[in-house]
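Note sheet for the following structure.
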Amino acid sequence: MDVKDVFKLVRFSEEKMAKIPLFDSERMLIDLYALLPGQAQKVHTHKGQDKVYYVLEGEVVVTLGEEETLLAPGMAALARAGVAHGVRNESGSRAVLLVVTAPRP
């Protein structure tokens, strides 16, 4: 059985957003993103994968194509394959996201 205590795995880096592997299979990839204030994941695209951002703690601004919106705890956003996407922490507090990518890149 593969069970993890998600919040015990969270770590932050002063240098850049921390990407923490949670689960990995041949069909999907699940990570934690830990962002300190001012940190970001640059906007990028995936040709053949969808990505879901789910906020566990804090707030982030998510970019999906030409649009941006603020996500708070309990909110999720879907970046469909081929749509430019990224997140940034513009708040004064840290943020933690659960990120699912499928199929696995």
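Labels used: A, B, ... for chains in the order of the structure tokens, numbers from 1 for residues in each chain, and numbers from 1 for ligands as shown.
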Leu97 in chain A surroundings by only C-alpha atoms, 9 Å radius, close-in-sequence under 2 positions cut, as a list in words: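 Near Leu97 in chain A, the qualifying residues are Asp31, Leu32, Tyr33, Ala34, Leu35, Tyr53, Tyr54, Val55, Leu56, Glu57, Gly58, Val60, Pro73, Ala95 and Val99 of chain A.
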Close residues, Val52 in chain A itself excluded, 9 Å, only C-alpha atoms, min 5 positions apart in chain, as a list in words: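 Result of the neighbour search: Ala76, Ala77, Leu78, Ala79, Arg80, Leu98, Val99, Val100, Thr101 and Ala102 of chain A.
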Would you save the residues from that selection as a PDB file, in the first residue's frame, using N, CA and C atoms?
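Ended up saving to part.pdb:
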```
ATOM      1  N   ALA A  76      -9.672  24.456  -7.505  1.00  0.00           N
ATOM      2  CA  ALA A  76      -8.865  23.725  -8.474  1.00  0.00           C
ATOM      3  C   ALA A  76      -9.027  24.342  -9.854  1.00  0.00           C
ATOM      4  N   ALA A  77      -8.009  24.160 -10.697  1.00  0.00           N
ATOM      5  CA  ALA A  77      -8.058  24.642 -12.077  1.00  0.00           C
ATOM      6  C   ALA A  77      -7.503  23.557 -12.988  1.00  0.00           C
ATOM      7  N   LEU A  78      -8.095  23.442 -14.169  1.00  0.00           N
ATOM      8  CA  LEU A  78      -7.676  22.462 -15.158  1.00  0.00           C
ATOM      9  C   LEU A  78      -6.990  23.165 -16.317  1.00  0.00           C
ATOM     10  N   ALA A  79      -5.764  22.747 -16.611  1.00  0.00           N
ATOM     11  CA  ALA A  79      -5.041  23.202 -17.803  1.00  0.00           C
ATOM     12  C   ALA A  79      -5.075  22.048 -18.796  1.00  0.00           C
ATOM     13  N   ARG A  80      -5.876  22.201 -19.823  1.00  0.00           N
ATOM     14  CA  ARG A  80      -5.991  21.149 -20.841  1.00  0.00           C
ATOM     15  C   ARG A  80      -4.733  21.115 -21.707  1.00  0.00           C
ATOM     16  N   LEU A  98      -1.485  20.684  -4.787  1.00  0.00           N
ATOM     17  CA  LEU A  98      -1.437  19.315  -5.260  1.00  0.00           C
ATOM     18  C   LEU A  98      -1.612  19.407  -6.773  1.00  0.00           C
ATOM     19  N   VAL A  99      -0.675  18.820  -7.528  1.00  0.00           N
ATOM     20  CA  VAL A  99      -0.690  18.957  -8.983  1.00  0.00           C
ATOM     21  C   VAL A  99      -0.693  17.583  -9.628  1.00  0.00           C
ATOM     22  N   VAL A 100      -1.711  17.332 -10.456  1.00  0.00           N
ATOM     23  CA  VAL A 100      -1.872  16.038 -11.137  1.00  0.00           C
ATOM     24  C   VAL A 100      -1.663  16.256 -12.630  1.00  0.00           C
ATOM     25  N   THR A 101      -0.784  15.465 -13.224  1.00  0.00           N
ATOM     26  CA  THR A 101      -0.544  15.508 -14.658  1.00  0.00           C
ATOM     27  C   THR A 101      -0.851  14.131 -15.245  1.00  0.00           C
ATOM     28  N   ALA A 102      -1.691  14.119 -16.301  1.00  0.00           N
ATOM     29  CA  ALA A 102      -2.059  12.841 -16.913  1.00  0.00           C
ATOM     30  C   ALA A 102      -2.342  13.051 -18.399  1.00  0.00           C
TER      31      ALA A 102
END
```
Quick one: distance from CA of Pro37 in chain A to CA of Gly65 in chain A in Å, one decimal?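 Those two atoms sit 22.9 Å apart.
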Would you please work out which residue, of A:Lys16, A:Arg27, A:Lys42, A:Lys4, is nearest to Arg88 in chain A when using only C-alpha atoms?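 Looking at the shortest contact to Arg88 in chain A, the residue is A:Lys42.
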Considering only alpha helix (DSSP H) as DSSP defines it on the backbone, what residues of range 4-93 of chain A qualify? List them as a PyMOL selection string. chain A and resi 6-9
Dump as a PDB file, in the first residue's frame, selection limited to N, CA and C atoms:
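That gives us out33.pdb:
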```
ATOM      1  N   VAL A   6       0.799  13.857   3.252  1.00  0.00           N
ATOM      2  CA  VAL A   6       1.146  14.930   2.329  1.00  0.00           C
ATOM      3  C   VAL A   6       1.807  16.111   3.026  1.00  0.00           C
ATOM      4  N   PHE A   7       1.237  16.590   4.095  1.00  0.00           N
ATOM      5  CA  PHE A   7       1.763  17.796   4.733  1.00  0.00           C
ATOM      6  C   PHE A   7       3.134  17.582   5.375  1.00  0.00           C
ATOM      7  N   LYS A   8       3.484  16.344   5.717  1.00  0.00           N
ATOM      8  CA  LYS A   8       4.823  16.074   6.252  1.00  0.00           C
ATOM      9  C   LYS A   8       5.887  16.119   5.164  1.00  0.00           C
ATOM     10  N   LEU A   9       5.490  16.006   3.907  1.00  0.00           N
ATOM     11  CA  LEU A   9       6.429  16.035   2.793  1.00  0.00           C
ATOM     12  C   LEU A   9       6.731  17.448   2.299  1.00  0.00           C
TER      13      LEU A   9
END
```
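Atom to atom, CA of Asp24 in chain A and CA of Lys51 in chain A stand 14.1 Å apart.
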Residues of range 27-94 of chain A in strand (DSSP E), written as a PyMOL selection string: chain A and resi 29-35+40-44+50-57+60-64+67-71+76-79+85-88
CA of Ser93 in chain A and CA of Phe12 in chain A, how far apart in Å? 12.0 Å
Of the candidates A:Val10, A:Leu70, A:Ala81, A:Val43, which shows the shortest atom-to-atom distance to Val96 in chain A, using only C-alpha atoms? A:Val10
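Nearest to Lys47 in chain A of all the residues A:Ala84, A:Val3, A:Ile30, A:Ala72 is A:Ala84, based on only C-alpha atoms.
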